[in-house]
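**Student:** Here you go, one structure.
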Amino acid sequence: MRRPAVVVVGAGPAGLFAAERLAAAGAAVTVYDRMPSPARKLLLAGRGGLNLTHSEPRRAFLERYPALPPPMAQALDAYPPAALRDWAEGLGEPTFVGTSGRVFPRAFKASPLVRAWLARLGGLGVSLVMRHRLVGIGPGPVLRFDGPGGRAEVACDAALLALGGASWPRMGSDGGWTTLLEGQGVAVAPLRPANMGVEIAWTADFATRFAGQPLKAVTIALGYRTVRGEAMITAEGLEGGAIYALSATIREALATNGGARLAIDLKPDLALDAVAARLAGARPKDSLSATLKKRLGLAPQAVALLRETERGGMPREPLALANRIKAARLAVSGVRPLDRAISTAGGVRFAALGDGFELERLPGVFVAGEMLDWEAPTGGYLLQATFATAAAAATGIAARLGLPMVRDPAPPW
Ligand SMILES: Cc1cc2nc3c(=O)[nH]c(=O)nc-3n(C[C@H](O)[C@H](O)[C@H](O)COP(=O)(O)OP(=O)(O)OC[C@H]3O[C@@H](n4cnc5c(N)ncnc54)[C@H](O)[C@@H]3O)c2cc1C
């Protein structure tokens with residue numbers, strides 16, 4: 001009997017995971033990608049530690065996705081963090097829970113996992129066709145690629161698009177698919193940066209001296225949202241975990257109000273009056289910098305940041321100064337561009353999908369991963385949603401093709 005032919009476009013985690021599941025279910029799967037080798041962004045993600053998922057309970061986890069669309073909530077329930085951890089372990093990479101509940105593979109980086117994964121895919125008969133860029137798509141489904149040998153037209157029984165967002169385009173996902181799908185009447189929310197740095201007009205001296213220095217254990221607030229963590233000073237402004245966690249709020253504030261003013265608490269574990277009391281006990285002959293260092297343990301970059309926010313001069317009166325330390329005000333002038341962001345907001349709208357993540361305008365064509373219209377902070381939520389939507393789309397394809405999909409026993413959260 002002929003095995004149904006599935007074409008997956010995009011050899012990132014979403015495409016490869018759907019390919020694995022469909023090949024295991026009996027499909028003949030070919031994965032196309034425009035880059036010379038697969039999973040480039042996943043390998044990049046693993047450089048600073050591959051944060052696969054997060055260990056927090058279901059409710060807290062799901063709340064990380066703003067305006068979580070119901071199909072995605074269902075996908076996450078069907079393929080929760082425990083399933084992803086089991087999968088990694090099955091590839092020889094048991095996971096561990098790091099500080100703040102984040103989950104990493106044993107090797108910390110991505111390369112051993114990717115190596116084992118590609119070997120498994122080879123064993124399942126999945127073919128990888130690299131250096132082929134998707135340039136056209138039509139009903140059938142029929143896909144057109146530009147490759148080293150020229151234009152190729154490929155017909156299949158079902159196709160999965162897993163083309164990623166548009167951050168770090170050097171890794172392959174450049175968002176070029178938006179015009180392709182919009183041309184077919186598929187609704188796409190504009191792609192915007194997510195988990196990106198912000199721009200702040202530092203003085204030249206501050207930027208030169210302190211770019212690359214961390215602000216550790218601070219809280220950063222905008223409006224009603226407060227985030228605790230670390231921020232990194234850059235020549236252009238700030239980046240890092242605490243900024244990324246606030247980045248969607250900052251982006252929306254800039255779009256709505258044309259500006260955003262952050263309040264940074266440089267001493268979040270000490271109450272305002274305790275900070276003021278420590279300052280009041282300073283030795284009169286100490287300079288302000290020496291007082292801030294000795295009495296509050298502020299790092300040189302934190303002291304310099306305080307001076308940046310008080311360019312007219314800092315108050316000497318303890319309570320006024322304590323107020324500034326507890327809420328140093330920084331005006332954000334913009335956000336870093338999409339190509340420098342960790343991830344992408346916007347993408348194929350959920351309203352454009354039918355059951356099983358199939359495009360209503362292109363029957364037989366399914367979508368998964370970061371190219372869908374969702375966003376989440378860093379912390380493992382991006383890859384968890386990538387894998388979960390890929391599992392859901394693979395199930396949708398299997399249902400269309402009448403393939404027996406092995407169901408996960410839905411491990412608990
Ligand atoms: C620096 C960095 C660190 C990160 N760290 C983490 C982390 O620790 N934890 C976490 O959860 N997430 C992390 N992420 C995010 C995570 O890597 C992505 O969310 C994930 O890779 C998305 O998977 P995807 O398969 O949807 O898309 P991608 O991984 O982007 O894959 C899409 C693939 O499609 C291909 N493609 C695109 N257009 C075409 C076309 N027209 N024709 C053919 N092929 C095409 C691309 O070449 C690419 O291979 C990080 C991202 C970055 C940039």
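How things are named: the first chain in the structure tokens is A, the next is B, and so on; residues count from 1 in each chain; ligands count from 1 in the order shown.
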Hey, which residues come within 7 Å of ligand 1 if we count only C-alpha atoms and all ligand atoms? Could you give them as an mmCIF file with N, CA and C atoms, in the first residue's frame?
**Tutor:**
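What landed in selection-v5.cif:
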data_model
loop_
_atom_site.group_PDB
_atom_site.id
_atom_site.type_symbol
_atom_site.label_atom_id
_atom_site.label_comp_id
_atom_site.auth_asym_id
_atom_site.auth_seq_id
_atom_site.Cartn_x
_atom_site.Cartn_y
_atom_site.Cartn_z
ATOM 1 N N VAL A 9 7.836 21.839 5.656
ATOM 2 C CA VAL A 9 8.757 22.908 5.259
ATOM 3 C C VAL A 9 9.205 23.621 6.530
ATOM 4 N N GLY A 10 10.507 23.596 6.761
ATOM 5 C CA GLY A 10 11.079 24.187 7.972
ATOM 6 C C GLY A 10 11.665 23.095 8.847
ATOM 7 N N ALA A 11 12.998 23.056 8.922
ATOM 8 C CA ALA A 11 13.677 22.036 9.729
ATOM 9 C C ALA A 11 14.096 22.615 11.064
ATOM 10 N N GLY A 12 13.210 23.371 11.681
ATOM 11 C CA GLY A 12 13.406 23.810 13.063
ATOM 12 C C GLY A 12 12.725 22.795 13.962
ATOM 13 N N PRO A 13 12.647 23.078 15.261
ATOM 14 C CA PRO A 13 12.048 22.089 16.164
ATOM 15 C C PRO A 13 10.604 21.739 15.816
ATOM 16 N N ALA A 14 9.794 22.716 15.371
ATOM 17 C CA ALA A 14 8.399 22.398 15.047
ATOM 18 C C ALA A 14 8.343 21.417 13.881
ATOM 19 N N GLY A 15 9.058 21.707 12.809
ATOM 20 C CA GLY A 15 9.021 20.848 11.627
ATOM 21 C C GLY A 15 9.579 19.467 11.908
ATOM 22 N N TYR A 32 11.872 20.003 3.957
ATOM 23 C CA TYR A 32 12.629 20.979 3.155
ATOM 24 C C TYR A 32 13.026 22.162 4.033
ATOM 25 N N ASP A 33 14.181 22.728 3.755
ATOM 26 C CA ASP A 33 14.583 23.948 4.472
ATOM 27 C C ASP A 33 15.491 24.769 3.570
ATOM 28 N N ARG A 34 15.435 26.075 3.734
ATOM 29 C CA ARG A 34 16.228 26.952 2.859
ATOM 30 C C ARG A 34 17.706 27.005 3.268
ATOM 31 N N MET A 35 18.008 26.565 4.492
ATOM 32 C CA MET A 35 19.385 26.670 4.979
ATOM 33 C C MET A 35 20.194 25.415 4.610
ATOM 34 N N PRO A 38 19.997 21.687 9.253
ATOM 35 C CA PRO A 38 18.765 21.873 10.031
ATOM 36 C C PRO A 38 18.985 22.485 11.424
ATOM 37 N N ALA A 39 17.892 22.957 11.996
ATOM 38 C CA ALA A 39 17.812 23.330 13.423
ATOM 39 C C ALA A 39 18.817 24.391 13.857
ATOM 40 N N ARG A 40 19.071 25.349 12.974
ATOM 41 C CA ARG A 40 20.119 26.333 13.312
ATOM 42 C C ARG A 40 19.734 27.203 14.506
ATOM 43 N N LYS A 41 18.468 27.618 14.547
ATOM 44 C CA LYS A 41 18.081 28.485 15.669
ATOM 45 C C LYS A 41 18.060 27.707 16.980
ATOM 46 N N LEU A 42 17.654 26.449 16.917
ATOM 47 C CA LEU A 42 17.659 25.618 18.126
ATOM 48 C C LEU A 42 19.092 25.468 18.645
ATOM 49 N N LEU A 44 21.496 27.591 18.137
ATOM 50 C CA LEU A 44 21.864 28.913 18.683
ATOM 51 C C LEU A 44 21.258 29.082 20.080
ATOM 52 N N ALA A 45 19.982 28.680 20.212
ATOM 53 C CA ALA A 45 19.303 28.808 21.501
ATOM 54 C C ALA A 45 20.064 28.046 22.579
ATOM 55 N N GLY A 46 20.684 26.934 22.178
ATOM 56 C CA GLY A 46 21.387 26.107 23.154
ATOM 57 C C GLY A 46 22.718 26.667 23.597
ATOM 58 N N GLY A 49 22.574 27.819 27.043
ATOM 59 C CA GLY A 49 21.809 26.879 27.872
ATOM 60 C C GLY A 49 20.433 26.707 27.252
ATOM 61 N N LEU A 50 20.130 25.477 26.811
ATOM 62 C CA LEU A 50 18.858 25.239 26.131
ATOM 63 C C LEU A 50 17.745 25.078 27.164
ATOM 64 N N ASN A 51 16.965 26.135 27.312
ATOM 65 C CA ASN A 51 15.863 26.128 28.284
ATOM 66 C C ASN A 51 14.642 25.523 27.582
ATOM 67 N N LEU A 52 14.512 24.197 27.741
ATOM 68 C CA LEU A 52 13.503 23.438 26.984
ATOM 69 C C LEU A 52 12.077 23.764 27.390
ATOM 70 N N THR A 53 11.851 23.847 28.705
ATOM 71 C CA THR A 53 10.514 24.113 29.191
ATOM 72 C C THR A 53 10.619 24.618 30.629
ATOM 73 N N HIS A 132 16.564 24.570 -0.021
ATOM 74 C CA HIS A 132 15.360 24.735 -0.839
ATOM 75 C C HIS A 132 14.436 25.717 -0.157
ATOM 76 N N ARG A 133 14.221 26.817 -0.832
ATOM 77 C CA ARG A 133 13.374 27.858 -0.253
ATOM 78 C C ARG A 133 11.957 27.753 -0.812
ATOM 79 N N LEU A 134 10.976 27.736 0.062
ATOM 80 C CA LEU A 134 9.577 27.702 -0.382
ATOM 81 C C LEU A 134 9.246 29.054 -1.017
ATOM 82 N N VAL A 135 8.791 29.025 -2.279
ATOM 83 C CA VAL A 135 8.474 30.289 -2.957
ATOM 84 C C VAL A 135 7.033 30.334 -3.451
ATOM 85 N N ALA A 162 6.293 25.048 8.875
ATOM 86 C CA ALA A 162 6.873 25.311 10.206
ATOM 87 C C ALA A 162 8.049 26.250 9.982
ATOM 88 N N LEU A 163 7.720 27.457 9.506
ATOM 89 C CA LEU A 163 8.732 28.364 8.950
ATOM 90 C C LEU A 163 9.278 29.363 9.956
ATOM 91 N N GLY A 164 8.837 29.281 11.202
ATOM 92 C CA GLY A 164 9.397 30.132 12.242
ATOM 93 C C GLY A 164 8.941 31.576 12.151
ATOM 94 N N GLY A 165 9.517 32.413 13.019
ATOM 95 C CA GLY A 165 9.179 33.837 13.028
ATOM 96 C C GLY A 165 10.139 34.600 12.131
ATOM 97 N N SER A 167 12.913 36.571 13.756
ATOM 98 C CA SER A 167 14.067 37.063 14.512
ATOM 99 C C SER A 167 15.295 36.264 14.077
ATOM 100 N N TRP A 168 16.453 36.861 14.225
ATOM 101 C CA TRP A 168 17.714 36.207 13.839
ATOM 102 C C TRP A 168 17.594 35.561 12.448
ATOM 103 N N MET A 171 19.654 32.694 10.900
ATOM 104 C CA MET A 171 19.448 31.290 11.276
ATOM 105 C C MET A 171 18.419 30.623 10.368
ATOM 106 N N GLY A 172 17.802 31.383 9.468
ATOM 107 C CA GLY A 172 16.907 30.759 8.485
ATOM 108 C C GLY A 172 15.515 31.346 8.436
ATOM 109 N N SER A 173 14.895 31.617 9.590
ATOM 110 C CA SER A 173 13.504 32.090 9.553
ATOM 111 C C SER A 173 13.506 33.603 9.357
ATOM 112 N N ASP A 174 13.043 34.024 8.193
ATOM 113 C CA ASP A 174 13.116 35.455 7.851
ATOM 114 C C ASP A 174 11.736 36.072 7.633
ATOM 115 N N GLY A 175 10.680 35.304 7.895
ATOM 116 C CA GLY A 175 9.332 35.855 7.772
ATOM 117 C C GLY A 175 8.889 36.085 6.331
ATOM 118 N N GLY A 176 9.674 35.612 5.358
ATOM 119 C CA GLY A 176 9.309 35.806 3.946
ATOM 120 C C GLY A 176 7.986 35.129 3.588
ATOM 121 N N TRP A 177 7.580 34.167 4.420
ATOM 122 C CA TRP A 177 6.342 33.420 4.139
ATOM 123 C C TRP A 177 5.096 34.277 4.292
ATOM 124 N N ALA A 341 15.631 40.370 17.976
ATOM 125 C CA ALA A 341 14.807 39.880 19.086
ATOM 126 C C ALA A 341 15.020 38.381 19.280
ATOM 127 N N ILE A 342 14.671 37.883 20.467
ATOM 128 C CA ILE A 342 14.741 36.433 20.702
ATOM 129 C C ILE A 342 13.598 35.738 19.951
ATOM 130 N N SER A 343 12.433 36.352 19.912
ATOM 131 C CA SER A 343 11.306 35.679 19.269
ATOM 132 C C SER A 343 10.392 36.697 18.593
ATOM 133 N N ALA A 368 2.502 25.153 12.212
ATOM 134 C CA ALA A 368 2.909 24.937 13.610
ATOM 135 C C ALA A 368 4.105 25.810 13.956
ATOM 136 N N GLY A 369 4.326 25.964 15.261
ATOM 137 C CA GLY A 369 5.536 26.620 15.762
ATOM 138 C C GLY A 369 5.387 28.125 15.888
ATOM 139 N N GLU A 370 6.537 28.788 15.800
ATOM 140 C CA GLU A 370 6.581 30.220 16.086
ATOM 141 C C GLU A 370 5.912 31.057 15.000
ATOM 142 N N MET A 371 5.598 30.483 13.855
ATOM 143 C CA MET A 371 4.935 31.281 12.805
ATOM 144 C C MET A 371 3.457 31.506 13.116
ATOM 145 N N THR A 378 10.685 34.429 27.697
ATOM 146 C CA THR A 378 11.692 33.368 27.759
ATOM 147 C C THR A 378 11.469 32.586 29.052
ATOM 148 N N GLY A 379 12.039 31.418 29.134
ATOM 149 C CA GLY A 379 11.830 30.588 30.333
ATOM 150 C C GLY A 379 11.442 29.178 29.928
ATOM 151 N N GLY A 380 11.505 28.882 28.622
ATOM 152 C CA GLY A 380 11.138 27.553 28.130
ATOM 153 C C GLY A 380 9.753 27.530 27.500
ATOM 154 N N TYR A 381 9.029 28.645 27.595
ATOM 155 C CA TYR A 381 7.654 28.689 27.081
ATOM 156 C C TYR A 381 7.625 28.692 25.551
ATOM 157 N N LEU A 382 8.698 29.201 24.932
ATOM 158 C CA LEU A 382 8.723 29.271 23.468
ATOM 159 C C LEU A 382 8.870 27.869 22.879
ATOM 160 N N LEU A 383 9.825 27.121 23.382
ATOM 161 C CA LEU A 383 10.016 25.772 22.825
ATOM 162 C C LEU A 383 8.861 24.855 23.208
ATOM 163 N N GLN A 384 8.330 24.996 24.427
ATOM 164 C CA GLN A 384 7.197 24.141 24.806
ATOM 165 C C GLN A 384 6.021 24.346 23.843
ATOM 166 N N THR A 386 6.224 25.532 20.828
ATOM 167 C CA THR A 386 6.654 25.079 19.499
ATOM 168 C C THR A 386 6.403 23.575 19.349
#
**Student:** Residues near range 143-154 of chain A, anyone? I mean within 12 Å using only C-alpha atoms, not counting same-chain ones fewer than 4 positions away, as JSON, numbers by chain.
**Tutor:** {"A": [5, 6, 7, 8, 9, 30, 31, 32, 33, 34, 35, 36, 129, 130, 131, 132, 133, 134, 135, 136, 137, 138, 139, 158, 159, 160, 161, 180, 362, 364, 365]}
**Student:** Which residues come within 8 Å of Trp374 in chain A, counting only C-alpha atoms, excluding same-chain residues fewer than 4 positions away, as a list in words?
**Tutor:**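 Counting only the stated atoms, we get Tyr65, Pro66, Leu68, Pro69, Ala345, Gly346, Gly347 and Glu370 of chain A.
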**Student:** For those residues, write N, CA and C atoms to a file as a short mmCIF file (atom, residue, chain, number, x, y, z; two decimals), in the first residue's frame.
**Tutor:**
data_model
loop_
_atom_site.label_atom_id
_atom_site.label_comp_id
_atom_site.auth_asym_id
_atom_site.auth_seq_id
_atom_site.Cartn_x
_atom_site.Cartn_y
_atom_site.Cartn_z
N TYR A 65 1.24 32.88 28.54
CA TYR A 65 0.90 33.19 27.15
C TYR A 65 -0.24 34.20 27.16
N PRO A 66 0.03 35.47 26.81
CA PRO A 66 -1.04 36.46 26.85
C PRO A 66 -2.14 36.09 25.86
N LEU A 68 -4.10 33.56 25.52
CA LEU A 68 -3.85 32.22 24.98
C LEU A 68 -5.04 31.71 24.16
N PRO A 69 -4.85 31.46 22.86
CA PRO A 69 -5.97 30.97 22.05
C PRO A 69 -6.34 29.54 22.48
N ALA A 345 6.38 38.07 17.81
CA ALA A 345 4.93 38.10 18.08
C ALA A 345 4.23 38.26 16.74
N GLY A 346 2.94 37.93 16.71
CA GLY A 346 2.23 37.98 15.44
C GLY A 346 2.43 36.69 14.66
N GLY A 347 1.83 36.60 13.49
CA GLY A 347 1.94 35.39 12.68
C GLY A 347 0.56 34.95 12.21
N GLU A 370 6.54 28.79 15.80
CA GLU A 370 6.58 30.22 16.09
C GLU A 370 5.91 31.06 15.00
#
**Student:** Identify, on the basis of only C-alpha atoms, every residue whose closest approach to Leu319 in chain A does not exceed 9 Å; exclude the query and any residue fewer than 3 positions from it along the same chain; express the result as a PyMOL selection string.
**Tutor:** chain A and resi 272-273+275-277+279-280+316+322-324
**Student:** Calculate how many Å separate CA of Gly26 in chain A from CA of Ala78 in chain A, rounding to one decimal.
**Tutor:**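 Going from CA of Gly26 in chain A over to CA of Ala78 in chain A, I get 21.0 Å.
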**Student:** Please determine, counting only C-alpha atoms, which residue among A:Arg21, A:Arg106, A:Arg2, A:Lys326 has the shortest atom-to-atom distance to Val406 in chain A.
**Tutor:** A:Arg21
**Student:** Select from range 37-130 of chain A everything DSSP, run on the backbone, classes as strand (DSSP E), then give the selection as a tab-separated table (two decimals) with N, CA and C atoms, in the first residue's frame.
**Tutor:**
chain	number	residue	atom	x	y	z
A	53	THR	N	11.85	23.85	28.70
A	53	THR	CA	10.51	24.11	29.19
A	53	THR	C	10.62	24.62	30.63
A	54	HIS	N	9.50	24.65	31.34
A	54	HIS	CA	9.51	25.18	32.70
A	54	HIS	C	8.77	24.22	33.62
A	95	THR	N	16.47	15.60	31.65
A	95	THR	CA	16.46	17.03	31.95
A	95	THR	C	16.65	17.27	33.44
A	96	PHE	N	17.01	18.48	33.78
A	96	PHE	CA	17.08	18.87	35.19
A	96	PHE	C	16.44	20.25	35.35
A	97	VAL	N	15.96	20.50	36.56
A	97	VAL	CA	15.32	21.78	36.85
A	97	VAL	C	16.37	22.71	37.44
A	102	ARG	N	13.42	26.66	35.68
A	102	ARG	CA	13.61	26.38	34.25
A	102	ARG	C	14.17	24.97	34.04
A	103	VAL	N	13.80	24.36	32.92
A	103	VAL	CA	14.21	22.97	32.64
A	103	VAL	C	15.22	22.95	31.49
A	104	PHE	N	16.32	22.22	31.73
A	104	PHE	CA	17.40	22.12	30.73
A	104	PHE	C	17.75	20.66	30.48
A	105	PRO	N	18.27	20.35	29.27
A	105	PRO	CA	18.80	18.99	29.07
A	105	PRO	C	20.11	18.83	29.83
A	127	SER	N	13.43	12.12	5.06
A	127	SER	CA	14.46	12.71	4.18
A	127	SER	C	14.56	14.20	4.44
A	128	LEU	N	15.76	14.70	4.47
A	128	LEU	CA	15.98	16.15	4.63
A	128	LEU	C	16.49	16.70	3.31
A	129	VAL	N	15.83	17.72	2.81
A	129	VAL	CA	16.28	18.37	1.57
A	129	VAL	C	16.62	19.82	1.93
**Student:** With DSSP run on the backbone, what are the alpha helix (DSSP H) residues within range 4-36 of chain A? I'd like them as a list in words.
**Tutor:**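 So, restricting range 4-36 of chain A to alpha helix (DSSP H), we get Pro13, Ala14, Gly15, Leu16, Phe17, Ala18, Ala19, Glu20, Arg21, Leu22, Ala23 and Ala24 of chain A.
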**Student:** Could you list, as JSON, numbers by chain, every residue within 6 Å of Met232 in chain A, counting only C-alpha atoms and ignoring same-chain residues fewer than 3 positions away?
**Tutor:** {"A": [213, 214, 238, 239, 240]}
**Student:** Excluding Arg283 in chain A and residues on its chain fewer than 5 positions from it, collect all residues at most 12 Å away from it, counting only C-alpha atoms, and give them as a PyMOL selection string.
**Tutor:** chain A and resi 278+288+290-292+294-295
**Student:** Could you dump the residues just selected with N, CA and C atoms as a compact mmCIF listing (two decimals), in the first residue's frame?
**Tutor:**
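Result saved to result.txt:
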# COMPACT_ATOMS: atom_id res chain seq x y z
N ARG A 278 19.78 53.43 56.20
CA ARG A 278 21.19 53.11 55.93
C ARG A 278 21.93 54.33 55.37
N LEU A 288 29.41 60.27 47.58
CA LEU A 288 28.11 59.62 47.34
C LEU A 288 28.32 58.19 46.82
N ALA A 290 30.84 56.24 47.31
CA ALA A 290 31.34 55.38 48.39
C ALA A 290 30.19 55.02 49.33
N THR A 291 29.31 55.96 49.61
CA THR A 291 28.16 55.68 50.49
C THR A 291 27.27 54.61 49.88
N LEU A 292 26.97 54.76 48.60
CA LEU A 292 26.07 53.79 47.95
C LEU A 292 26.69 52.40 47.91
N LYS A 294 29.18 51.31 50.10
CA LYS A 294 29.39 50.76 51.45
C LYS A 294 28.08 50.49 52.18
N ARG A 295 27.15 51.41 52.08
CA ARG A 295 25.93 51.28 52.89
C ARG A 295 24.88 50.38 52.23
**Student:** Could you state the separation of CA of Leu266 in chain A and CA of Pro318 in chain A in Å, given to one decimal place?
**Tutor:**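 Separating CA of Leu266 in chain A from CA of Pro318 in chain A is a distance of 15.3 Å.
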**Student:** Just checking: using only C-alpha atoms, which residue out of A:Pro190, A:Gly123, A:Gly259, A:Gly229 ends up closest to Ala24 in chain A?
**Tutor:**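 Checking each candidate against Ala24 in chain A, we get A:Gly123 as the closest.
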**Student:** CA of Pro268 in chain A to CA of Arg58 in chain A: how many Å, to one decimal?
**Tutor:** 28.0 Å
**Student:** Rank nothing, just name the residue among A:Asp265, A:Glu182, A:Asp286, A:Glu93 nearest to Leu113 in chain A, using only C-alpha atoms.
**Tutor:** A:Glu93
